[in-house]
$ cat protein22.pdb   # PDB, C-alpha atoms, pLDDT in the B column
MODEL        1
ATOM      1  CA  MET A   1    -145.057-104.075   1.175  1.00 59.00           C
ATOM      2  CA  THR A   2    -141.533-102.823   1.027  1.00 62.00           C
ATOM      3  CA  GLN A   3    -141.670-100.241  -1.758  1.00 63.00           C
ATOM      4  CA  ARG A   4    -144.041 -97.452  -2.802  1.00 71.00           C
ATOM      5  CA  GLN A   5    -143.630 -94.340  -4.972  1.00 71.00           C
ATOM      6  CA  GLY A   6    -139.979 -95.223  -5.504  1.00 81.00           C
ATOM      7  CA  PHE A   7    -139.285 -95.243  -1.739  1.00 92.00           C
ATOM      8  CA  LYS A   8    -138.556 -98.360   0.256  1.00 90.00           C
ATOM      9  CA  ALA A   9    -138.438 -99.396   3.894  1.00 91.00           C
ATOM     10  CA  ASN A  10    -135.219 -98.560   5.793  1.00 93.00           C
ATOM     11  CA  GLU A  11    -134.304 -95.895   3.247  1.00 94.00           C
ATOM     12  CA  PHE A  12    -133.229 -92.428   4.419  1.00 95.00           C
ATOM     13  CA  VAL A  13    -135.293 -89.611   2.933  1.00 95.00           C
ATOM     14  CA  VAL A  14    -135.529 -85.836   3.238  1.00 95.00           C
ATOM     15  CA  TYR A  15    -138.828 -84.448   4.482  1.00 94.00           C
ATOM     16  CA  PRO A  16    -138.641 -80.657   3.894  1.00 91.00           C
ATOM     17  CA  ALA A  17    -140.239 -79.546   7.150  1.00 89.00           C
ATOM     18  CA  HIS A  18    -138.116 -81.857   9.343  1.00 92.00           C
ATOM     19  CA  GLY A  19    -134.968 -82.797   7.442  1.00 93.00           C
ATOM     20  CA  VAL A  20    -133.502 -86.298   7.200  1.00 95.00           C
ATOM     21  CA  GLY A  21    -135.590 -89.231   8.421  1.00 96.00           C
ATOM     22  CA  GLN A  22    -135.669 -92.980   7.891  1.00 96.00           C
ATOM     23  CA  ILE A  23    -138.617 -94.945   6.554  1.00 95.00           C
ATOM     24  CA  LEU A  24    -139.234 -97.622   9.182  1.00 95.00           C
ATOM     25  CA  ALA A  25    -142.122 -99.289   7.395  1.00 93.00           C
ATOM     26  CA  ILE A  26    -144.897 -98.922   4.866  1.00 91.00           C
ATOM     27  CA  GLU A  27    -148.155 -99.841   6.541  1.00 91.00           C
ATOM     28  CA  GLU A  28    -151.864 -99.893   5.861  1.00 90.00           C
ATOM     29  CA  GLN A  29    -154.334 -98.290   8.211  1.00 89.00           C
ATOM     30  CA  GLU A  30    -158.069 -98.045   8.047  1.00 87.00           C
ATOM     31  CA  ILE A  31    -159.200 -94.483   8.562  1.00 81.00           C
ATOM     32  CA  ALA A  32    -162.922 -93.643   8.391  1.00 87.00           C
ATOM     33  CA  GLY A  33    -163.617 -96.901   6.572  1.00 88.00           C
ATOM     34  CA  ALA A  34    -161.000 -96.251   3.875  1.00 87.00           C
ATOM     35  CA  LYS A  35    -157.702 -98.109   3.615  1.00 90.00           C
ATOM     36  CA  LEU A  36    -154.749 -95.788   3.606  1.00 90.00           C
ATOM     37  CA  GLU A  37    -151.137 -96.624   2.862  1.00 92.00           C
ATOM     38  CA  LEU A  38    -148.635 -94.797   5.010  1.00 93.00           C
ATOM     39  CA  PHE A  39    -144.889 -94.322   5.186  1.00 94.00           C
ATOM     40  CA  VAL A  40    -143.770 -94.502   8.823  1.00 95.00           C
ATOM     41  CA  ILE A  41    -140.821 -92.123   9.017  1.00 96.00           C
ATOM     42  CA  ASN A  42    -138.597 -91.820  12.064  1.00 96.00           C
ATOM     43  CA  PHE A  43    -136.581 -88.672  12.844  1.00 93.00           C
ATOM     44  CA  ILE A  44    -134.121 -89.977  15.426  1.00 83.00           C
ATOM     45  CA  LYS A  45    -132.687 -86.609  16.438  1.00 80.00           C
ATOM     46  CA  ASP A  46    -136.115 -85.078  16.998  1.00 81.00           C
ATOM     47  CA  LYS A  47    -137.406 -88.276  18.673  1.00 88.00           C
ATOM     48  CA  MET A  48    -140.398 -88.093  16.358  1.00 93.00           C
ATOM     49  CA  THR A  49    -142.261 -90.497  14.089  1.00 95.00           C
ATOM     50  CA  LEU A  50    -144.398 -89.231  11.219  1.00 93.00           C
ATOM     51  CA  ARG A  51    -146.981 -91.150   9.250  1.00 93.00           C
ATOM     52  CA  VAL A  52    -147.246 -89.808   5.715  1.00 92.00           C
ATOM     53  CA  PRO A  53    -149.829 -91.137   3.233  1.00 91.00           C
ATOM     54  CA  THR A  54    -147.885 -92.653   0.321  1.00 91.00           C
ATOM     55  CA  ALA A  55    -150.088 -90.730  -2.122  1.00 89.00           C
ATOM     56  CA  LYS A  56    -149.091 -87.420  -0.517  1.00 89.00           C
ATOM     57  CA  VAL A  57    -145.301 -87.643  -0.760  1.00 89.00           C
ATOM     58  CA  ALA A  58    -145.132 -85.427  -3.860  1.00 86.00           C
ATOM     59  CA  ASN A  59    -147.312 -82.764  -2.214  1.00 89.00           C
ATOM     60  CA  VAL A  60    -145.158 -82.575   0.902  1.00 89.00           C
ATOM     61  CA  GLY A  61    -141.976 -82.547  -1.179  1.00 91.00           C
ATOM     62  CA  MET A  62    -140.471 -85.695   0.350  1.00 93.00           C
ATOM     63  CA  ARG A  63    -137.418 -86.692  -1.650  1.00 94.00           C
ATOM     64  CA  LYS A  64    -134.550 -89.116  -1.783  1.00 94.00           C
ATOM     65  CA  LEU A  65    -131.180 -88.083  -0.356  1.00 95.00           C
ATOM     66  CA  SER A  66    -129.138 -85.772  -2.565  1.00 95.00           C
ATOM     67  CA  GLU A  67    -126.706 -87.337  -5.010  1.00 95.00           C
ATOM     68  CA  PRO A  68    -123.024 -86.902  -4.022  1.00 94.00           C
ATOM     69  CA  THR A  69    -122.635 -84.415  -6.923  1.00 95.00           C
ATOM     70  CA  LEU A  70    -125.372 -82.218  -5.435  1.00 96.00           C
ATOM     71  CA  VAL A  71    -123.780 -82.454  -1.974  1.00 96.00           C
ATOM     72  CA  LYS A  72    -120.544 -81.290  -3.607  1.00 96.00           C
ATOM     73  CA  LYS A  73    -122.398 -78.347  -5.176  1.00 96.00           C
ATOM     74  CA  ALA A  74    -123.856 -77.431  -1.762  1.00 96.00           C
ATOM     75  CA  LEU A  75    -120.369 -77.540  -0.214  1.00 96.00           C
ATOM     76  CA  GLU A  76    -119.048 -75.355  -3.068  1.00 95.00           C
ATOM     77  CA  THR A  77    -121.871 -72.872  -2.387  1.00 95.00           C
ATOM     78  CA  LEU A  78    -120.490 -72.397   1.136  1.00 95.00           C
ATOM     79  CA  LYS A  79    -117.251 -71.000  -0.294  1.00 93.00           C
ATOM     80  CA  GLY A  80    -119.080 -68.207  -2.139  1.00 92.00           C
ATOM     81  CA  ARG A  81    -119.492 -64.635  -0.987  1.00 90.00           C
ATOM     82  CA  ALA A  82    -122.397 -64.071   1.399  1.00 88.00           C
ATOM     83  CA  ARG A  83    -125.319 -62.357  -0.301  1.00 86.00           C
ATOM     84  CA  VAL A  84    -127.313 -60.241   2.090  1.00 84.00           C
ATOM     85  CA  LYS A  85    -130.228 -58.219   0.744  1.00 84.00           C
ATOM     86  CA  ARG A  86    -131.014 -54.675   1.807  1.00 86.00           C
ATOM     87  CA  THR A  87    -134.328 -55.536   3.384  1.00 88.00           C
ATOM     88  CA  MET A  88    -135.683 -55.580   6.908  1.00 91.00           C
ATOM     89  CA  TRP A  89    -134.463 -58.491   9.014  1.00 90.00           C
ATOM     90  CA  SER A  90    -138.022 -59.850   9.465  1.00 92.00           C
ATOM     91  CA  ARG A  91    -138.395 -60.170   5.675  1.00 94.00           C
ATOM     92  CA  ARG A  92    -134.969 -61.789   5.316  1.00 93.00           C
ATOM     93  CA  ALA A  93    -135.733 -64.163   8.202  1.00 94.00           C
ATOM     94  CA  GLN A  94    -138.889 -65.327   6.401  1.00 95.00           C
ATOM     95  CA  GLU A  95    -136.895 -65.949   3.224  1.00 95.00           C
ATOM     96  CA  TYR A  96    -134.254 -67.919   5.133  1.00 96.00           C
ATOM     97  CA  GLU A  97    -136.943 -69.968   6.844  1.00 96.00           C
ATOM     98  CA  ALA A  98    -138.582 -70.737   3.493  1.00 96.00           C
ATOM     99  CA  LYS A  99    -135.224 -71.891   2.102  1.00 96.00           C
ATOM    100  CA  ILE A 100    -134.573 -74.120   5.136  1.00 96.00           C
ATOM    101  CA  ASN A 101    -138.019 -75.718   4.813  1.00 94.00           C
ATOM    102  CA  SER A 102    -137.770 -76.087   1.027  1.00 93.00           C
ATOM    103  CA  GLY A 103    -135.702 -79.238   1.533  1.00 91.00           C
ATOM    104  CA  ASP A 104    -133.365 -78.008  -1.250  1.00 94.00           C
ATOM    105  CA  ILE A 105    -129.822 -78.764  -0.070  1.00 96.00           C
ATOM    106  CA  VAL A 106    -128.247 -75.951  -2.112  1.00 96.00           C
ATOM    107  CA  ALA A 107    -130.777 -73.383  -0.818  1.00 97.00           C
ATOM    108  CA  ILE A 108    -130.044 -74.563   2.745  1.00 97.00           C
ATOM    109  CA  ALA A 109    -126.298 -74.184   2.067  1.00 97.00           C
ATOM    110  CA  GLU A 110    -126.982 -70.582   0.915  1.00 96.00           C
ATOM    111  CA  VAL A 111    -128.618 -69.834   4.286  1.00 96.00           C
ATOM    112  CA  VAL A 112    -125.617 -71.313   6.142  1.00 96.00           C
ATOM    113  CA  ARG A 113    -123.254 -69.232   3.986  1.00 95.00           C
ATOM    114  CA  ASP A 114    -125.228 -65.981   4.358  1.00 94.00           C
ATOM    115  CA  LEU A 115    -125.667 -66.251   8.136  1.00 94.00           C
ATOM    116  CA  TYR A 116    -122.196 -67.582   8.966  1.00 93.00           C
ATOM    117  CA  ARG A 117    -120.043 -65.405  11.216  1.00 87.00           C
ATOM    118  CA  SER A 118    -116.334 -66.001  11.619  1.00 79.00           C
ATOM    119  CA  GLU A 119    -114.637 -65.237  14.913  1.00 75.00           C
ATOM    120  CA  SER A 120    -113.458 -61.838  13.732  1.00 76.00           C
ATOM    121  CA  GLN A 121    -116.980 -60.766  12.781  1.00 78.00           C
ATOM    122  CA  PRO A 122    -119.650 -59.200  14.975  1.00 78.00           C
ATOM    123  CA  GLU A 123    -121.901 -61.535  16.956  1.00 80.00           C
ATOM    124  CA  GLN A 124    -125.143 -62.784  15.486  1.00 84.00           C
ATOM    125  CA  SER A 125    -128.463 -61.775  16.942  1.00 88.00           C
ATOM    126  CA  TYR A 126    -130.448 -64.504  18.696  1.00 91.00           C
ATOM    127  CA  SER A 127    -132.829 -64.985  15.750  1.00 92.00           C
ATOM    128  CA  GLU A 128    -129.942 -65.109  13.238  1.00 92.00           C
ATOM    129  CA  ARG A 129    -128.205 -67.714  15.369  1.00 93.00           C
ATOM    130  CA  GLN A 130    -131.411 -69.810  15.554  1.00 95.00           C
ATOM    131  CA  LEU A 131    -131.808 -69.802  11.761  1.00 96.00           C
ATOM    132  CA  TYR A 132    -128.109 -70.469  11.215  1.00 96.00           C
ATOM    133  CA  GLU A 133    -128.180 -73.463  13.545  1.00 95.00           C
ATOM    134  CA  ALA A 134    -131.370 -74.831  11.981  1.00 95.00           C
ATOM    135  CA  ALA A 135    -129.831 -74.614   8.494  1.00 96.00           C
ATOM    136  CA  LEU A 136    -126.505 -76.055   9.683  1.00 97.00           C
ATOM    137  CA  ASP A 137    -128.339 -78.935  11.367  1.00 95.00           C
ATOM    138  CA  ARG A 138    -130.324 -79.792   8.204  1.00 95.00           C
ATOM    139  CA  LEU A 139    -127.252 -79.556   5.994  1.00 97.00           C
ATOM    140  CA  SER A 140    -124.928 -81.551   8.256  1.00 96.00           C
ATOM    141  CA  ARG A 141    -127.495 -84.323   8.773  1.00 95.00           C
ATOM    142  CA  GLU A 142    -127.964 -84.877   5.063  1.00 96.00           C
ATOM    143  CA  ILE A 143    -124.236 -84.677   4.285  1.00 96.00           C
ATOM    144  CA  ALA A 144    -123.494 -87.154   7.103  1.00 96.00           C
ATOM    145  CA  VAL A 145    -126.006 -89.710   5.775  1.00 95.00           C
ATOM    146  CA  VAL A 146    -124.919 -89.315   2.124  1.00 95.00           C
ATOM    147  CA  GLN A 147    -121.204 -89.559   2.995  1.00 94.00           C
ATOM    148  CA  HIS A 148    -121.678 -92.253   5.677  1.00 94.00           C
ATOM    149  CA  SER A 149    -119.938 -90.041   8.227  1.00 94.00           C
ATOM    150  CA  THR A 150    -120.996 -88.615  11.580  1.00 94.00           C
ATOM    151  CA  GLU A 151    -122.778 -85.281  11.954  1.00 94.00           C
ATOM    152  CA  THR A 152    -119.755 -83.908  13.807  1.00 94.00           C
ATOM    153  CA  GLU A 153    -117.541 -84.743  10.819  1.00 96.00           C
ATOM    154  CA  ALA A 154    -120.086 -83.175   8.467  1.00 96.00           C
ATOM    155  CA  VAL A 155    -120.156 -79.963  10.549  1.00 95.00           C
ATOM    156  CA  LYS A 156    -116.334 -79.828  10.467  1.00 95.00           C
ATOM    157  CA  GLU A 157    -116.417 -80.201   6.685  1.00 95.00           C
ATOM    158  CA  ILE A 158    -119.019 -77.419   6.380  1.00 95.00           C
ATOM    159  CA  GLU A 159    -116.977 -75.118   8.624  1.00 93.00           C
ATOM    160  CA  ALA A 160    -113.817 -75.854   6.631  1.00 94.00           C
ATOM    161  CA  GLN A 161    -115.628 -74.771   3.446  1.00 94.00           C
ATOM    162  CA  LEU A 162    -117.009 -71.634   5.133  1.00 93.00           C
ATOM    163  CA  ALA A 163    -113.491 -70.708   6.226  1.00 90.00           C
ATOM    164  CA  LYS A 164    -112.529 -70.542   2.524  1.00 87.00           C
ATOM    165  CA  SER A 165    -115.204 -67.981   1.708  1.00 82.00           C
ATOM    166  CA  PRO A 166    -114.006 -64.435   0.971  1.00 79.00           C
ATOM    167  CA  ARG A 167    -114.125 -62.225   4.040  1.00 65.00           C
ATOM    168  CA  ARG A 168    -114.103 -58.485   3.719  1.00 43.00           C
ATOM    169  CA  ASN A 169    -111.640 -56.307   5.606  1.00 37.00           C
ATOM    170  CA  ALA A 170    -112.395 -55.283   9.168  1.00 38.00           C
ATOM    171  CA  LYS A 171    -113.186 -51.668   8.239  1.00 38.00           C
ATOM    172  CA  ALA A 172    -115.865 -52.706   5.755  1.00 41.00           C
ATOM    173  CA  GLU A 173    -117.207 -55.148   8.333  1.00 46.00           C
ATOM    174  CA  ALA A 174    -117.389 -52.403  10.950  1.00 44.00           C
ATOM    175  CA  ALA A 175    -119.354 -50.250   8.508  1.00 43.00           C
ATOM    176  CA  GLU A 176    -121.628 -53.214   7.856  1.00 47.00           C
ATOM    177  CA  GLY A 177    -122.130 -53.654  11.606  1.00 47.00           C
ATOM    178  CA  GLU A 178    -123.400 -50.062  11.822  1.00 44.00           C
ATOM    179  CA  ALA A 179    -125.700 -50.628   8.842  1.00 45.00           C
ATOM    180  CA  ASP A 180    -126.929 -53.802  10.531  1.00 47.00           C
ATOM    181  CA  ALA A 181    -128.024 -51.810  13.533  1.00 46.00           C
ATOM    182  CA  GLU A 182    -130.385 -49.935  11.213  1.00 44.00           C
ATOM    183  CA  GLY A 183    -131.713 -53.259   9.970  1.00 46.00           C
ATOM    184  CA  GLU A 184    -130.017 -53.005   6.593  1.00 44.00           C
ATOM    185  CA  THR A 185    -126.870 -54.479   5.191  1.00 43.00           C
ATOM    186  CA  ASP A 186    -125.310 -54.108   1.816  1.00 43.00           C
ATOM    187  CA  ASP A 187    -123.022 -56.779   0.556  1.00 44.00           C
ATOM    188  CA  THR A 188    -122.020 -55.281  -2.752  1.00 42.00           C
ATOM    189  CA  ASP A 189    -118.396 -54.571  -3.442  1.00 42.00           C
ATOM    190  CA  GLY A 190    -119.246 -50.890  -3.178  1.00 40.00           C
ATOM    191  CA  ASP A 191    -117.938 -51.096   0.415  1.00 41.00           C
ATOM    192  CA  ASP A 192    -114.525 -50.033  -0.902  1.00 40.00           C
ATOM    193  CA  THR A 193    -115.855 -46.664  -2.066  1.00 36.00           C
ATOM    194  CA  THR A 194    -116.996 -45.756   1.440  1.00 35.00           C
ATOM    195  CA  VAL A 195    -113.560 -46.683   2.788  1.00 37.00           C
ATOM    196  CA  ALA A 196    -111.935 -44.467   0.133  1.00 39.00           C
ATOM    197  CA  ASP A 197    -114.238 -41.557   1.033  1.00 40.00           C
ATOM    198  CA  GLU A 198    -113.310 -41.811   4.690  1.00 40.00           C
ATOM    199  CA  ALA A 199    -109.644 -41.780   3.783  1.00 40.00           C
ATOM    200  CA  ALA A 200    -110.045 -38.728   1.511  1.00 38.00           C
TER     201      ALA A 200
ENDMDL
END

$ encode --input "protein22.pdb" --output "structure tokens"
Amino acid sequence: MTQRQGFKANEFVVYPAHGVGQILAIEEQEIAGAKLELFVINFIKDKMTLRVPTAKVANVGMRKLSEPTLVKKALETLKGRARVKRTMWSRRAQEYEAKINSGDIVAIAEVVRDLYRSESQPEQSYSERQLYEAALDRLSREIAVVQHSTETEAVKEIEAQLAKSPRRNAKAEAAEGEADAEGETDDTDGDDTTVADEAA
């Protein structure tokens, strides 16, 4: 038994709730008198082994690693302008979490892009930092495996792409920092109008 549902032993896969893992084996177990086929998946970084019934892989959203073209699209996404909705942080945090656990590499890249803070920007809150690091970890692990590089190299590549994203001027960022304190941020280009009003 080396292949089931298009997956084979020793292959790296993405399990949405945990990120990149490696199928160690496909084994049969008898549970309550019924024979069950299981993928044994190892997540080295989390020091965890999961047993997933082969019939359930579609339900849990387990997938093969992204194609290099999709990895490229995810890296391109990082260069875009951050999109931050005008909603309460708790609602946004739930949306970010859902994207991270979707297993969709482009959605995960969007979270990294939206939560990224450059050195000149205000500090992240603890919960923002947690989500950012979780998304960065998922993204860098998959990129590293697809590109046969190390996670450190993948993180450097991600950060290089983020550095190319458009950053607004410090005044607009300061205004955003104040809005953030109220739990709302607006990332439309309307920032310029407020700057003009102050100058008037």

$ resolve_selection --input "protein22.pdb" --expression "the PyMOL selection byres ((chain A and resi 57) around 12)" --output "list in words"
Arg4, Gln5, Gly6, Phe7, Val13, Val14, Tyr15, Pro16, Glu37, Leu38, Phe39, Val40, Ile41, Arg51, Val52, Pro53, Thr54, Ala55, Lys56, Ala58, Asn59, Val60, Gly61, Met62, Arg63 and Lys64 of chain A

$ closest_residue --input "protein22.pdb" --among "A:Ala144, A:Val71, A:Leu36, A:Met48" --to "A:Ile108" --atoms "all atoms listed in the file"
A:Val71

$ resolve_selection --input "protein22.pdb" --expression "the PyMOL selection byres ((chain A and resi 133) around 12)" --output "list in words"
Tyr96, Glu97, Ile100, Ile108, Ala109, Val111, Val112, Arg113, Leu115, Tyr116, Arg117, Gln124, Tyr126, Ser127, Glu128, Arg129, Gln130, Leu131, Tyr132, Ala134, Ala135, Leu136, Asp137, Arg138, Leu139, Ser140, Arg141 and Val155 of chain A

$ atom_distance --input "protein22.pdb" --atom1 "atom CA of A:Lys8" --atom2 "atom CA of A:Glu27"
11.6 Å

$ resolve_selection --input "protein22.pdb" --expression "the PyMOL selection byres ((chain A and resi 166) around 9)" --output "list in words"
Lys79, Gly80, Arg81, Ala82, Leu162, Ala163, Lys164, Ser165, Arg167 and Arg168 of chain A

$ atom_distance --input "protein22.pdb" --atom1 "atom CA of A:Arg92" --atom2 "atom CA of A:Glu67"
28.8 Å

$ atom_distance --input "protein22.pdb" --atom1 "atom CA of A:Leu75" --atom2 "atom CA of A:Ser118"
17.0 Å

$ closest_residue --input "protein22.pdb" --among "A:His18, A:Ser102, A:Glu30, A:Lys72" --to "A:Asp46" --atoms "only C-alpha atoms"
A:His18

$ closest_residue --input "protein22.pdb" --among "A:Leu78, A:Lys73, A:Ile23, A:Pro68" --to "A:Leu50" --atoms "all atoms listed in the file"
A:Ile23

$ residues_around --input "protein22.pdb" --residues "A:Asn10" --least-positions-apart "4" --cutoff "10 Å" --atoms "only C-alpha atoms" --output "ChimeraX atom specification"
/A:2,21-26,40-42

$ closest_residue --input "protein22.pdb" --among "A:Thr77, A:Val20, A:Lys35, A:Lys99" --to "A:Val146" --atoms "only C-alpha atoms"
A:Val20

$ closest_residue --input "protein22.pdb" --among "A:Gly19, A:Ile158, A:Phe12, A:Leu70" --to "A:Asn101" --atoms "all atoms listed in the file"
A:Gly19
